[in-house]
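A.B. asks: Just so it is clear, I am handing over input-v6.cif, which has mmCIF, C-alpha atoms and all ligand atoms.
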```cif
data_data
#
loop_
_atom_site.label_atom_id
_atom_site.label_comp_id
_atom_site.auth_asym_id
_atom_site.auth_seq_id
_atom_site.Cartn_x
_atom_site.Cartn_y
_atom_site.Cartn_z
CA MET A 23 12.63 -15.37 13.08
CA LYS A 24 10.48 -15.99 10.02
CA ILE A 25 7.58 -14.14 8.45
CA GLY A 26 6.13 -16.52 5.91
CA ALA A 27 9.04 -17.61 3.74
CA TYR A 28 11.24 -14.68 4.82
CA ALA A 29 13.92 -15.59 7.33
CA LEU A 30 14.99 -12.39 9.07
CA PRO A 31 18.56 -11.90 10.33
CA ASN A 32 17.39 -10.66 13.75
CA ALA A 33 14.23 -9.51 15.49
CA VAL A 34 14.74 -5.76 15.73
CA PHE A 35 12.21 -3.83 13.62
CA VAL A 36 11.65 -0.21 12.63
CA ALA A 37 8.19 1.02 13.68
CA PRO A 38 6.20 2.65 10.89
CA MET A 39 6.02 6.42 11.42
CA ALA A 40 4.11 8.47 8.87
CA GLY A 41 6.17 11.42 7.71
CA ILE A 42 9.39 9.91 9.11
CA THR A 43 10.05 6.34 8.02
CA ASP A 44 10.23 7.16 4.34
CA ARG A 45 12.55 5.34 1.99
CA PRO A 46 15.76 7.22 3.00
CA PHE A 47 15.10 6.60 6.70
CA ARG A 48 14.29 2.94 6.13
CA ARG A 49 17.34 2.39 3.99
CA ILE A 50 19.68 3.74 6.68
CA ALA A 51 17.91 1.85 9.46
CA ARG A 52 18.23 -1.37 7.47
CA ARG A 53 21.91 -0.68 6.85
CA PHE A 54 22.36 -0.38 10.62
CA GLY A 55 20.92 -3.84 11.00
CA ALA A 56 17.15 -3.44 11.45
CA ALA A 57 15.65 -6.67 10.18
CA LEU A 58 12.53 -5.06 8.78
CA ALA A 59 11.37 -1.49 8.24
CA VAL A 60 7.64 -1.20 7.68
CA SER A 61 6.74 1.67 5.35
CA GLU A 62 4.64 4.66 6.35
CA MET A 63 0.96 3.81 6.03
CA VAL A 64 -0.72 4.29 2.69
CA SER A 65 -4.45 4.79 2.50
CA SER A 66 -6.59 2.05 0.97
CA ARG A 67 -8.68 4.67 -0.85
CA PRO A 68 -8.02 4.27 -4.58
CA GLU A 69 -8.64 7.97 -5.31
CA LEU A 70 -5.55 8.81 -3.23
CA ARG A 71 -3.22 6.55 -5.21
CA GLU A 72 -2.35 9.25 -7.68
CA SER A 73 -1.50 11.90 -5.07
CA ARG A 74 2.15 12.91 -4.91
CA LYS A 75 2.31 11.95 -1.23
CA THR A 76 1.06 8.43 -1.88
CA ARG A 77 3.26 8.04 -4.96
CA LEU A 78 6.34 8.92 -2.91
CA ARG A 79 5.29 6.53 -0.16
CA LEU A 80 4.91 3.77 -2.74
CA ASP A 81 8.41 4.26 -4.14
CA HIS A 82 10.56 1.33 -2.98
CA ALA A 83 13.32 1.75 -5.57
CA GLY A 84 16.62 0.37 -4.32
CA GLU A 85 15.13 -0.82 -1.04
CA ALA A 86 16.49 -4.07 0.38
CA GLY A 87 13.84 -6.75 0.77
CA PRO A 88 11.67 -7.86 2.25
CA VAL A 89 9.65 -4.71 1.60
CA SER A 90 6.77 -4.41 4.06
CA VAL A 91 4.03 -1.94 3.13
CA GLN A 92 1.49 -0.77 5.67
CA ILE A 93 -2.06 -0.15 4.50
CA ALA A 94 -4.73 1.76 6.41
CA GLY A 95 -8.49 1.77 6.00
CA SER A 96 -11.68 0.24 7.34
CA ASP A 97 -13.37 -1.43 4.40
CA PRO A 98 -12.34 -5.08 3.99
CA GLN A 99 -12.76 -5.08 0.21
CA MET A 100 -10.93 -1.80 -0.25
CA LEU A 101 -8.09 -3.02 1.94
CA ALA A 102 -7.92 -6.24 -0.06
CA ASP A 103 -7.67 -4.21 -3.28
CA ALA A 104 -5.01 -1.98 -1.72
CA ALA A 105 -3.03 -5.05 -0.67
CA ARG A 106 -3.15 -6.45 -4.21
CA PHE A 107 -2.17 -3.06 -5.66
CA ASN A 108 0.84 -2.81 -3.33
CA VAL A 109 1.97 -6.37 -3.99
CA ASP A 110 1.92 -5.55 -7.70
CA LEU A 111 4.15 -2.56 -6.90
CA GLY A 112 6.68 -4.73 -5.10
CA ALA A 113 5.46 -5.28 -1.52
CA ASP A 114 6.80 -8.56 -0.11
CA ILE A 115 4.72 -8.26 3.07
CA ILE A 116 1.46 -6.40 3.73
CA ASP A 117 1.01 -4.86 7.17
CA ILE A 118 -2.41 -3.64 8.31
CA ASN A 119 -2.52 -0.55 10.49
CA MET A 120 -4.75 -1.08 13.52
CA GLY A 121 -2.53 0.90 15.83
CA CYS A 122 -2.47 4.51 14.75
CA PRO A 123 -4.58 6.90 16.83
CA ALA A 124 -4.20 9.84 14.44
CA LYS A 125 -7.40 11.75 13.71
CA LYS A 126 -6.92 11.53 9.97
CA VAL A 127 -6.94 7.76 10.17
CA CYS A 128 -9.51 7.42 12.92
CA ASN A 129 -12.04 9.78 11.35
CA VAL A 130 -12.74 7.01 8.90
CA ALA A 131 -12.70 4.48 11.77
CA ALA A 132 -9.40 3.03 10.65
CA GLY A 133 -6.12 2.58 12.53
CA SER A 134 -6.65 1.84 16.22
CA ALA A 135 -10.35 2.79 15.99
CA LEU A 136 -10.86 -0.66 14.44
CA LEU A 137 -10.03 -2.29 17.78
CA GLN A 138 -13.53 -1.55 19.08
CA ASN A 139 -15.09 -3.60 16.30
CA GLU A 140 -13.71 -7.11 16.67
CA ALA A 141 -15.87 -8.62 13.92
CA LEU A 142 -14.58 -6.01 11.48
CA VAL A 143 -10.97 -6.74 12.49
CA ALA A 144 -11.47 -10.42 11.67
CA SER A 145 -13.17 -9.61 8.39
CA ILE A 146 -10.43 -7.18 7.30
CA VAL A 147 -7.61 -9.60 8.04
CA ALA A 148 -9.39 -12.51 6.34
CA SER A 149 -10.15 -10.41 3.31
CA VAL A 150 -6.56 -9.14 2.92
CA VAL A 151 -5.09 -12.61 3.51
CA ALA A 152 -7.35 -14.05 0.82
CA ALA A 153 -6.42 -11.29 -1.63
CA VAL A 154 -2.64 -11.75 -1.73
CA ASP A 155 -0.17 -14.58 -1.62
CA VAL A 156 2.40 -12.71 0.49
CA PRO A 157 2.47 -12.76 4.30
CA VAL A 158 0.07 -10.40 6.04
CA THR A 159 1.03 -8.84 9.38
CA VAL A 160 -0.96 -6.59 11.71
CA LYS A 161 -0.04 -3.77 14.06
CA ILE A 162 -2.34 -3.03 16.99
CA ARG A 163 -2.51 -1.20 20.31
CA THR A 164 -3.66 -2.98 23.46
CA GLY A 165 -7.29 -1.92 23.00
CA PRO A 166 -9.57 1.07 22.55
CA SER A 167 -9.10 2.31 26.14
CA PRO A 168 -7.63 1.16 29.49
CA GLU A 169 -11.11 -0.13 30.47
CA ARG A 170 -11.29 -2.19 27.28
CA ARG A 171 -7.95 -3.88 26.75
CA ASN A 172 -9.10 -6.47 24.23
CA ALA A 173 -5.69 -7.19 22.69
CA VAL A 174 -5.84 -10.90 23.54
CA ARG A 175 -9.17 -11.37 21.76
CA ILE A 176 -8.01 -9.25 18.83
CA ALA A 177 -4.76 -11.23 18.61
CA ARG A 178 -6.63 -14.52 18.46
CA LEU A 179 -8.94 -13.23 15.75
CA VAL A 180 -6.00 -11.88 13.78
CA GLU A 181 -4.17 -15.19 14.05
CA SER A 182 -7.23 -17.26 13.10
CA ALA A 183 -7.81 -15.01 10.09
CA GLY A 184 -4.37 -15.94 8.78
CA ALA A 185 -2.01 -13.12 9.80
CA GLN A 186 1.60 -14.24 10.18
CA MET A 187 2.89 -11.71 12.70
CA LEU A 188 1.46 -9.24 15.20
CA ALA A 189 3.15 -6.08 16.46
CA ILE A 190 1.70 -4.50 19.62
CA HIS A 191 2.25 -1.01 20.94
CA GLY A 192 1.74 -1.19 24.72
CA ARG A 193 -0.77 1.64 24.94
CA THR A 194 -4.49 1.84 24.24
CA ARG A 195 -5.93 4.08 21.57
CA ALA A 196 -7.29 6.47 24.22
CA CYS A 197 -3.82 6.79 25.75
CA MET A 198 -2.46 8.37 22.56
CA PHE A 199 1.22 8.79 23.55
CA GLU A 200 0.62 9.63 27.22
CA GLY A 201 2.07 7.79 30.20
CA ARG A 202 4.38 4.85 29.79
CA ALA A 203 3.80 1.86 27.56
CA GLU A 204 2.88 -1.28 29.53
CA TYR A 205 4.13 -4.71 28.63
CA ASP A 206 1.85 -7.02 30.69
CA THR A 207 -0.78 -7.09 27.97
CA ILE A 208 1.87 -7.88 25.36
CA ALA A 209 3.09 -10.76 27.55
CA GLU A 210 -0.47 -12.06 27.82
CA VAL A 211 -0.93 -11.92 24.06
CA LYS A 212 2.38 -13.67 23.47
CA ALA A 213 1.31 -16.49 25.78
CA ARG A 214 -1.96 -17.01 23.89
CA ILE A 215 -1.01 -17.05 20.23
CA ALA A 216 1.52 -18.95 18.17
CA ILE A 217 2.44 -16.44 15.46
CA PRO A 218 5.42 -14.14 16.19
CA VAL A 219 4.64 -11.20 18.47
CA ILE A 220 6.67 -8.01 18.29
CA ALA A 221 6.69 -5.70 21.32
CA ASN A 222 6.60 -1.95 20.76
CA GLY A 223 6.49 1.21 22.82
CA ASP A 224 9.06 3.36 24.65
CA ILE A 225 12.09 1.20 23.92
CA SER A 226 15.04 3.55 23.62
CA THR A 227 18.17 1.65 24.72
CA PRO A 228 19.64 -1.80 24.16
CA GLU A 229 19.03 -2.63 27.84
CA GLU A 230 15.36 -1.67 27.53
CA ALA A 231 15.05 -3.85 24.44
CA ARG A 232 16.35 -6.84 26.37
CA ARG A 233 14.15 -6.07 29.37
CA VAL A 234 11.02 -5.86 27.21
CA LEU A 235 11.89 -9.15 25.51
CA GLU A 236 12.35 -10.76 28.92
CA LEU A 237 9.15 -9.27 30.37
CA THR A 238 6.94 -10.16 27.43
CA GLY A 239 8.54 -13.28 25.95
CA ALA A 240 7.97 -11.50 22.61
CA ASP A 241 9.79 -12.67 19.51
CA GLY A 242 11.15 -9.24 18.67
CA VAL A 243 11.06 -5.53 19.37
CA MET A 244 9.97 -2.60 17.24
CA ILE A 245 11.55 0.82 17.70
CA GLY A 246 10.10 4.14 16.57
CA ARG A 247 10.78 7.52 18.14
CA ALA A 248 14.05 6.56 19.82
CA ALA A 249 15.62 5.99 16.41
CA GLN A 250 14.81 9.50 15.22
CA GLY A 251 18.19 11.13 14.69
CA ARG A 252 20.02 7.98 15.80
CA PRO A 253 19.53 5.15 13.35
CA TRP A 254 22.65 3.40 14.73
CA LEU A 255 20.40 2.45 17.66
CA PHE A 256 19.48 -0.62 15.59
CA ARG A 257 23.14 -1.65 15.38
CA GLU A 258 23.51 -1.13 19.14
CA ILE A 259 20.41 -3.15 20.01
CA VAL A 260 21.18 -5.99 17.60
CA HIS A 261 24.72 -6.22 18.99
CA TYR A 262 23.62 -6.04 22.62
CA LEU A 263 20.96 -8.72 22.18
CA ALA A 264 23.50 -10.99 20.48
CA CYS A 265 26.55 -10.37 22.69
CA GLY A 266 25.34 -8.66 25.89
CA GLU A 267 27.72 -5.75 25.51
CA ARG A 268 27.34 -2.10 24.57
CA LEU A 269 28.95 -0.80 21.39
CA ALA A 270 30.87 2.47 21.58
CA PRO A 271 28.75 5.42 20.42
CA PRO A 272 29.36 6.60 16.87
CA SER A 273 32.05 9.23 16.31
CA ALA A 274 31.16 12.78 15.24
CA ARG A 275 32.49 11.89 11.79
CA GLU A 276 30.20 8.89 11.48
CA ARG A 277 27.19 10.85 12.76
CA GLY A 278 27.88 13.55 10.20
CA ALA A 279 28.27 11.05 7.35
CA VAL A 280 25.02 9.30 8.29
CA LEU A 281 23.09 12.55 8.46
CA VAL A 282 24.45 13.74 5.11
CA GLU A 283 23.53 10.39 3.56
CA HIS A 284 20.04 10.83 4.97
CA LEU A 285 19.77 14.38 3.59
CA ASP A 286 20.91 13.25 0.14
CA GLY A 287 18.23 10.54 0.22
CA LEU A 288 15.57 13.12 1.15
CA TYR A 289 16.61 15.56 -1.61
CA ASP A 290 16.60 12.70 -4.06
CA LEU A 291 13.13 11.44 -3.07
CA TYR A 292 11.30 14.74 -2.52
CA GLY A 293 13.31 17.17 -4.68
CA ASP A 294 15.56 19.88 -3.26
CA GLU A 295 12.92 22.25 -1.91
CA GLN A 296 10.59 19.82 -0.18
CA GLY A 297 13.55 17.62 0.73
CA ALA A 298 15.20 20.50 2.60
CA ARG A 299 11.93 21.16 4.47
CA VAL A 300 11.48 17.50 5.43
CA ALA A 301 15.15 17.34 6.46
CA ARG A 302 14.87 20.05 9.13
CA LYS A 303 13.29 17.82 11.76
CA HIS A 304 15.81 15.06 11.11
CA ILE A 305 18.70 17.52 11.50
CA GLY A 306 17.15 18.78 14.74
CA TRP A 307 16.90 15.23 16.13
CA ALA A 308 20.41 14.33 14.99
CA VAL A 309 22.08 17.23 16.79
CA ARG A 310 19.76 17.71 19.76
CA GLU A 311 22.27 16.47 22.32
CA LEU A 312 25.43 17.70 20.63
CA PRO A 313 27.43 20.82 21.47
CA GLY A 314 26.21 23.74 19.39
CA GLY A 315 23.35 21.60 18.05
CA GLU A 316 20.73 24.23 18.85
CA GLY A 317 22.70 26.79 16.83
CA LEU A 318 22.79 24.50 13.80
CA ARG A 319 19.09 23.74 14.17
CA SER A 320 18.16 27.44 14.10
CA ALA A 321 20.57 28.08 11.24
CA VAL A 322 19.11 25.37 8.99
CA ASN A 323 15.58 26.55 9.73
CA ALA A 324 16.53 29.80 8.02
CA ILE A 325 18.07 28.08 4.97
CA GLY A 326 15.66 27.13 2.18
CA ALA A 327 18.02 25.52 -0.32
CA ALA A 328 19.22 21.94 -0.11
CA ARG A 329 22.76 22.82 -1.08
CA GLY A 330 23.11 25.42 1.69
CA GLN A 331 21.54 23.09 4.22
CA ARG A 332 23.87 20.26 3.34
CA ALA A 333 26.90 22.58 3.53
CA ALA A 334 25.84 23.88 6.97
CA VAL A 335 25.49 20.32 8.26
CA ASN A 336 28.84 19.30 6.78
CA ASP A 337 30.60 22.34 8.30
CA TYR A 338 29.05 21.68 11.70
CA PHE A 339 30.21 18.06 11.82
CA GLU A 340 33.66 18.90 10.50
CA ARG A 341 34.09 21.40 13.32
CA LEU A 342 32.71 18.86 15.81
CA ALA A 343 35.07 16.14 14.59
CA ALA A 344 38.05 18.51 14.79
C1 LIG A 401 5.13 10.62 14.05
C2 LIG A 401 4.59 9.24 14.21
C3 LIG A 401 3.95 8.63 13.15
C4 LIG A 401 3.43 7.33 13.27
N1 LIG A 401 2.85 6.74 12.19
C5 LIG A 401 2.41 5.46 12.28
C6 LIG A 401 1.91 4.77 11.14
O1 LIG A 401 1.88 5.31 10.03
N2 LIG A 401 1.46 3.51 11.32
C7 LIG A 401 1.49 2.88 12.54
O2 LIG A 401 1.08 1.72 12.64
N3 LIG A 401 1.99 3.50 13.63
C8 LIG A 401 2.45 4.76 13.52
N4 LIG A 401 3.02 5.36 14.60
C9 LIG A 401 3.18 4.59 15.86
C10 LIG A 401 4.57 3.92 15.91
O3 LIG A 401 4.70 2.92 14.93
C11 LIG A 401 4.82 3.26 17.29
O4 LIG A 401 3.83 2.32 17.51
C12 LIG A 401 4.80 4.27 18.43
O5 LIG A 401 5.55 5.43 18.11
C13 LIG A 401 5.36 3.65 19.73
O6 LIG A 401 6.67 3.19 19.54
P1 LIG A 401 7.95 4.06 20.06
O7 LIG A 401 7.74 4.35 21.51
O8 LIG A 401 9.13 3.17 19.80
O9 LIG A 401 7.97 5.33 19.26
C14 LIG A 401 3.54 6.64 14.51
C15 LIG A 401 4.20 7.27 15.58
C16 LIG A 401 4.73 8.53 15.44
C17 LIG A 401 5.46 9.16 16.60
#
```
How does the structure come out when it is put into structure tokens?
C.D. replies:
Amino acid sequence: MKIGAYALPNAVFVAPMAGITDRPFRRIARRFGAALAVSEMVSSRPELRESRKTRLRLDHAGEAGPVSVQIAGSDPQMLADAARFNVDLGADIIDINMGCPAKKVCNVAAGSALLQNEALVASIVASVVAAVDVPVTVKIRTGPSPERRNAVRIARLVESAGAQMLAIHGRTRACMFEGRAEYDTIAEVKARIAIPVIANGDISTPEEARRVLELTGADGVMIGRAAQGRPWLFREIVHYLACGERLAPPSARERGAVLVEHLDGLYDLYGDEQGARVARKHIGWAVRELPGGEGLRSAVNAIGAARGQRAAVNDYFERLAA
């Protein structure tokens, strides 16, 4: 599959998740074979560029290309400026967030709130495409609400405005994360546009990935929550789609090594104190189904220092491997 000039090795993507898919997460997901890992969204508002949070989100040091940066906002000119700014900082692809239902984004009528204003969607995409000479991609939901599933119209506008790929989460904005994602609308979109379509929503196993590809005819799949605590899911899906067989699950030793690598990346990016705080949720996800995992989770919640946290995780996995 290609996005602009970038030929990707497969069609399994990491879904952008603010607060989760930071550089350490993306690096590990890419190492496990994900073809592309879109960054957490960054606001298009220039006054936020200097905030520590935005600075950390804009740090792509050591990241394998192509680097795809997601921008969020509602003003076409501001989004165009943000796209230019991020390309100057190393973005190879600009992704526009029209899929996030979070209040913080939607209060300024950005994210999935844009889906109710089709003219604005077209204007935003055209403006960003004109501003940069890298590929522009868009992520949407299926519409503002189940009564107004306008994804096909939005997809056509997005394609006509020059976007080179469209990712669709099979829920409407009003659905938030409730119910199950539906794939009929994604199939309809795929049938109506020529640019690559990536299906997203509730894919958590290699078999589900294949089923969604078959149901929708989509060019690829995008995985979010199911990869929390199990980044090797990308390796499993890529292998299954290529060979039709399941890989053996990772050993306790490998799980431990991956988690420690993740923790080291978090301490490095955020500093020891914040890094240890950010790490807690990842540790919880990584051990949630493992024997004694709950005990480790409670223990690390009581440890403030990175060194102690890392040691507790190491000890736990050494005992598990033994
Ligand atoms: C914690 C969290 C943060 C998210 N942040 C973003 C974001 O920044 N941009 C975006 O387009 N979607 C965001 N999403 C939506 C995901 O990219 C994805 O569309 C959604 O989780 C459905 O896919 P999944 O079922 O594989 O998780 C977020 C989802 C979660 C759970």
A.B. asks: At a cut-off of 10 Å around ligand LIG 401 (chain A), and using only C-alpha atoms and all ligand atoms, what residues come up? Please write them as JSON, numbers by chain.
C.D. replies: {"A": [35, 36, 37, 38, 39, 40, 41, 42, 43, 60, 61, 62, 63, 64, 65, 92, 93, 94, 117, 118, 119, 120, 121, 122, 123, 124, 127, 133, 134, 160, 161, 162, 163, 189, 190, 191, 192, 193, 198, 199, 202, 203, 221, 222, 223, 224, 225, 226, 243, 244, 245, 246, 247, 248, 249, 250]}
A.B. asks: Put those residues in a file: C-alpha atoms, as a PDB file, in the frame of the given file.
C.D. replies:
```pdb
ATOM      1  CA  PHE A  35      12.210  -3.830  13.620  1.00  0.00           C
ATOM      2  CA  VAL A  36      11.650  -0.210  12.630  1.00  0.00           C
ATOM      3  CA  ALA A  37       8.190   1.020  13.680  1.00  0.00           C
ATOM      4  CA  PRO A  38       6.200   2.650  10.890  1.00  0.00           C
ATOM      5  CA  MET A  39       6.020   6.420  11.420  1.00  0.00           C
ATOM      6  CA  ALA A  40       4.110   8.470   8.870  1.00  0.00           C
ATOM      7  CA  GLY A  41       6.170  11.420   7.710  1.00  0.00           C
ATOM      8  CA  ILE A  42       9.390   9.910   9.110  1.00  0.00           C
ATOM      9  CA  THR A  43      10.050   6.340   8.020  1.00  0.00           C
ATOM     10  CA  VAL A  60       7.640  -1.200   7.680  1.00  0.00           C
ATOM     11  CA  SER A  61       6.740   1.670   5.350  1.00  0.00           C
ATOM     12  CA  GLU A  62       4.640   4.660   6.350  1.00  0.00           C
ATOM     13  CA  MET A  63       0.960   3.810   6.030  1.00  0.00           C
ATOM     14  CA  VAL A  64      -0.720   4.290   2.690  1.00  0.00           C
ATOM     15  CA  SER A  65      -4.450   4.790   2.500  1.00  0.00           C
ATOM     16  CA  GLN A  92       1.490  -0.770   5.670  1.00  0.00           C
ATOM     17  CA  ILE A  93      -2.060  -0.150   4.500  1.00  0.00           C
ATOM     18  CA  ALA A  94      -4.730   1.760   6.410  1.00  0.00           C
ATOM     19  CA  ASP A 117       1.010  -4.860   7.170  1.00  0.00           C
ATOM     20  CA  ILE A 118      -2.410  -3.640   8.310  1.00  0.00           C
ATOM     21  CA  ASN A 119      -2.520  -0.550  10.490  1.00  0.00           C
ATOM     22  CA  MET A 120      -4.750  -1.080  13.520  1.00  0.00           C
ATOM     23  CA  GLY A 121      -2.530   0.900  15.830  1.00  0.00           C
ATOM     24  CA  CYS A 122      -2.470   4.510  14.750  1.00  0.00           C
ATOM     25  CA  PRO A 123      -4.580   6.900  16.830  1.00  0.00           C
ATOM     26  CA  ALA A 124      -4.200   9.840  14.440  1.00  0.00           C
ATOM     27  CA  VAL A 127      -6.940   7.760  10.170  1.00  0.00           C
ATOM     28  CA  GLY A 133      -6.120   2.580  12.530  1.00  0.00           C
ATOM     29  CA  SER A 134      -6.650   1.840  16.220  1.00  0.00           C
ATOM     30  CA  VAL A 160      -0.960  -6.590  11.710  1.00  0.00           C
ATOM     31  CA  LYS A 161      -0.040  -3.770  14.060  1.00  0.00           C
ATOM     32  CA  ILE A 162      -2.340  -3.030  16.990  1.00  0.00           C
ATOM     33  CA  ARG A 163      -2.510  -1.200  20.310  1.00  0.00           C
ATOM     34  CA  ALA A 189       3.150  -6.080  16.460  1.00  0.00           C
ATOM     35  CA  ILE A 190       1.700  -4.500  19.620  1.00  0.00           C
ATOM     36  CA  HIS A 191       2.250  -1.010  20.940  1.00  0.00           C
ATOM     37  CA  GLY A 192       1.740  -1.190  24.720  1.00  0.00           C
ATOM     38  CA  ARG A 193      -0.770   1.640  24.940  1.00  0.00           C
ATOM     39  CA  MET A 198      -2.460   8.370  22.560  1.00  0.00           C
ATOM     40  CA  PHE A 199       1.220   8.790  23.550  1.00  0.00           C
ATOM     41  CA  ARG A 202       4.380   4.850  29.790  1.00  0.00           C
ATOM     42  CA  ALA A 203       3.800   1.860  27.560  1.00  0.00           C
ATOM     43  CA  ALA A 221       6.690  -5.700  21.320  1.00  0.00           C
ATOM     44  CA  ASN A 222       6.600  -1.950  20.760  1.00  0.00           C
ATOM     45  CA  GLY A 223       6.490   1.210  22.820  1.00  0.00           C
ATOM     46  CA  ASP A 224       9.060   3.360  24.650  1.00  0.00           C
ATOM     47  CA  ILE A 225      12.090   1.200  23.920  1.00  0.00           C
ATOM     48  CA  SER A 226      15.040   3.550  23.620  1.00  0.00           C
ATOM     49  CA  VAL A 243      11.060  -5.530  19.370  1.00  0.00           C
ATOM     50  CA  MET A 244       9.970  -2.600  17.240  1.00  0.00           C
ATOM     51  CA  ILE A 245      11.550   0.820  17.700  1.00  0.00           C
ATOM     52  CA  GLY A 246      10.100   4.140  16.570  1.00  0.00           C
ATOM     53  CA  ARG A 247      10.780   7.520  18.140  1.00  0.00           C
ATOM     54  CA  ALA A 248      14.050   6.560  19.820  1.00  0.00           C
ATOM     55  CA  ALA A 249      15.620   5.990  16.410  1.00  0.00           C
ATOM     56  CA  GLN A 250      14.810   9.500  15.220  1.00  0.00           C
TER      57      GLN A 250
END
```
A.B. asks: Using atom CA of A:Gly239 and atom CA of A:Ala209 as the two end points, give the distance in Å to one decimal.
C.D. replies: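 Computed distance, atom CA of A:Gly239 to atom CA of A:Ala209, equals 6.2 Å.
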A.B. asks: Using all atoms listed in the file, collect all residues at a distance of at most 8 Å from (15.9, -11.0, 22.1) as written in the file, then present them as a list of chain:residue names.
C.D. replies: A:Ala33, A:Ala231, A:Arg232, A:Leu235, A:Glu236, A:Ala240, A:Asp241, A:Gly242, A:Val243, A:Leu263, A:Ala264
A.B. asks: I want to know what sits within 10 Å of stretch 144-151 of chain A, based on all atoms listed in the file, with residues of the same chain fewer than 5 positions away left out; could you give that as number ranges by chain?
C.D. replies: A: 95-106, 116-118, 136, 139, 156-160, 176-186
A.B. asks: Print the selection's residues with C-alpha atoms to a file, as a PDB file, keeping the file's coordinate frame.
C.D. replies:
```
ATOM      1  CA  GLY A  95      -8.490   1.770   6.000  1.00  0.00           C
ATOM      2  CA  SER A  96     -11.680   0.240   7.340  1.00  0.00           C
ATOM      3  CA  ASP A  97     -13.370  -1.430   4.400  1.00  0.00           C
ATOM      4  CA  PRO A  98     -12.340  -5.080   3.990  1.00  0.00           C
ATOM      5  CA  GLN A  99     -12.760  -5.080   0.210  1.00  0.00           C
ATOM      6  CA  MET A 100     -10.930  -1.800  -0.250  1.00  0.00           C
ATOM      7  CA  LEU A 101      -8.090  -3.020   1.940  1.00  0.00           C
ATOM      8  CA  ALA A 102      -7.920  -6.240  -0.060  1.00  0.00           C
ATOM      9  CA  ASP A 103      -7.670  -4.210  -3.280  1.00  0.00           C
ATOM     10  CA  ALA A 104      -5.010  -1.980  -1.720  1.00  0.00           C
ATOM     11  CA  ALA A 105      -3.030  -5.050  -0.670  1.00  0.00           C
ATOM     12  CA  ARG A 106      -3.150  -6.450  -4.210  1.00  0.00           C
ATOM     13  CA  ILE A 116       1.460  -6.400   3.730  1.00  0.00           C
ATOM     14  CA  ASP A 117       1.010  -4.860   7.170  1.00  0.00           C
ATOM     15  CA  ILE A 118      -2.410  -3.640   8.310  1.00  0.00           C
ATOM     16  CA  LEU A 136     -10.860  -0.660  14.440  1.00  0.00           C
ATOM     17  CA  ASN A 139     -15.090  -3.600  16.300  1.00  0.00           C
ATOM     18  CA  VAL A 156       2.400 -12.710   0.490  1.00  0.00           C
ATOM     19  CA  PRO A 157       2.470 -12.760   4.300  1.00  0.00           C
ATOM     20  CA  VAL A 158       0.070 -10.400   6.040  1.00  0.00           C
ATOM     21  CA  THR A 159       1.030  -8.840   9.380  1.00  0.00           C
ATOM     22  CA  VAL A 160      -0.960  -6.590  11.710  1.00  0.00           C
ATOM     23  CA  ILE A 176      -8.010  -9.250  18.830  1.00  0.00           C
ATOM     24  CA  ALA A 177      -4.760 -11.230  18.610  1.00  0.00           C
ATOM     25  CA  ARG A 178      -6.630 -14.520  18.460  1.00  0.00           C
ATOM     26  CA  LEU A 179      -8.940 -13.230  15.750  1.00  0.00           C
ATOM     27  CA  VAL A 180      -6.000 -11.880  13.780  1.00  0.00           C
ATOM     28  CA  GLU A 181      -4.170 -15.190  14.050  1.00  0.00           C
ATOM     29  CA  SER A 182      -7.230 -17.260  13.100  1.00  0.00           C
ATOM     30  CA  ALA A 183      -7.810 -15.010  10.090  1.00  0.00           C
ATOM     31  CA  GLY A 184      -4.370 -15.940   8.780  1.00  0.00           C
ATOM     32  CA  ALA A 185      -2.010 -13.120   9.800  1.00  0.00           C
ATOM     33  CA  GLN A 186       1.600 -14.240  10.180  1.00  0.00           C
TER      34      GLN A 186
END
```
A.B. asks: For A:Lys24, work out the shell of residues within 12 Å, counting all atoms listed in the file and skipping chain neighbours fewer than 3 positions away, then give it as a ChimeraX atom specification.
C.D. replies: /A:27-33,57-58,88,115,157,159,186-187,217-219,241-242
A.B. asks: Enumerate, as a PyMOL selection string, the protein, DNA and RNA residues whose atoms approach (13.8, 25.9, 1.1) to within 9 Å, taking into account only C-alpha atoms and the coordinate frame of the file.
C.D. replies: chain A and resi 294-299+323-328+331
A.B. asks: Have a look at A:Thr76, A:Thr207, A:Thr227, A:Ser320 and name the one nearest to A:Pro168; count all atoms listed in the file.
C.D. replies: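 Going through A:Thr76, A:Thr207, A:Thr227, A:Ser320 one by one, the smallest distance to A:Pro168 is for A:Thr207.
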A.B. asks: Please report the interatomic distance between atom CA of A:Leu70 and atom CA of A:Gly84 in Å with one decimal.
C.D. replies: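 Atom-to-atom, atom CA of A:Leu70 and atom CA of A:Gly84 are spaced 23.7 Å apart.
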A.B. asks: Tell me, in Å to one decimal, how far atom CA of A:Ala56 is from atom CA of A:Glu258.
C.D. replies: 10.2 Å
A.B. asks: Draw an axis-aligned box over all listed atoms of stretch 51-67 of chain A, pad each side with 5 Å, and write its centre and edge lengths in Å, one decimal, as JSON.
C.D. replies:
```
{"center_x": 6.8, "center_y": -0.9, "center_z": 5.3, "size_x": 41.0, "size_y": 21.5, "size_z": 22.3}
```
A.B. asks: Would you mind telling me which residue in A:Val174, A:Leu78, A:Val91, A:Ile215 lies nearest to A:Phe107 when using only C-alpha atoms?
C.D. replies: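 Smallest separation from A:Phe107 among the options: A:Val91.
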A.B. asks: My list of candidates is A:Ala113, A:Leu342, A:Leu255, A:Val89. Which is closest to A:Gly315 when distances are computed with only C-alpha atoms?
C.D. replies: A:Leu342
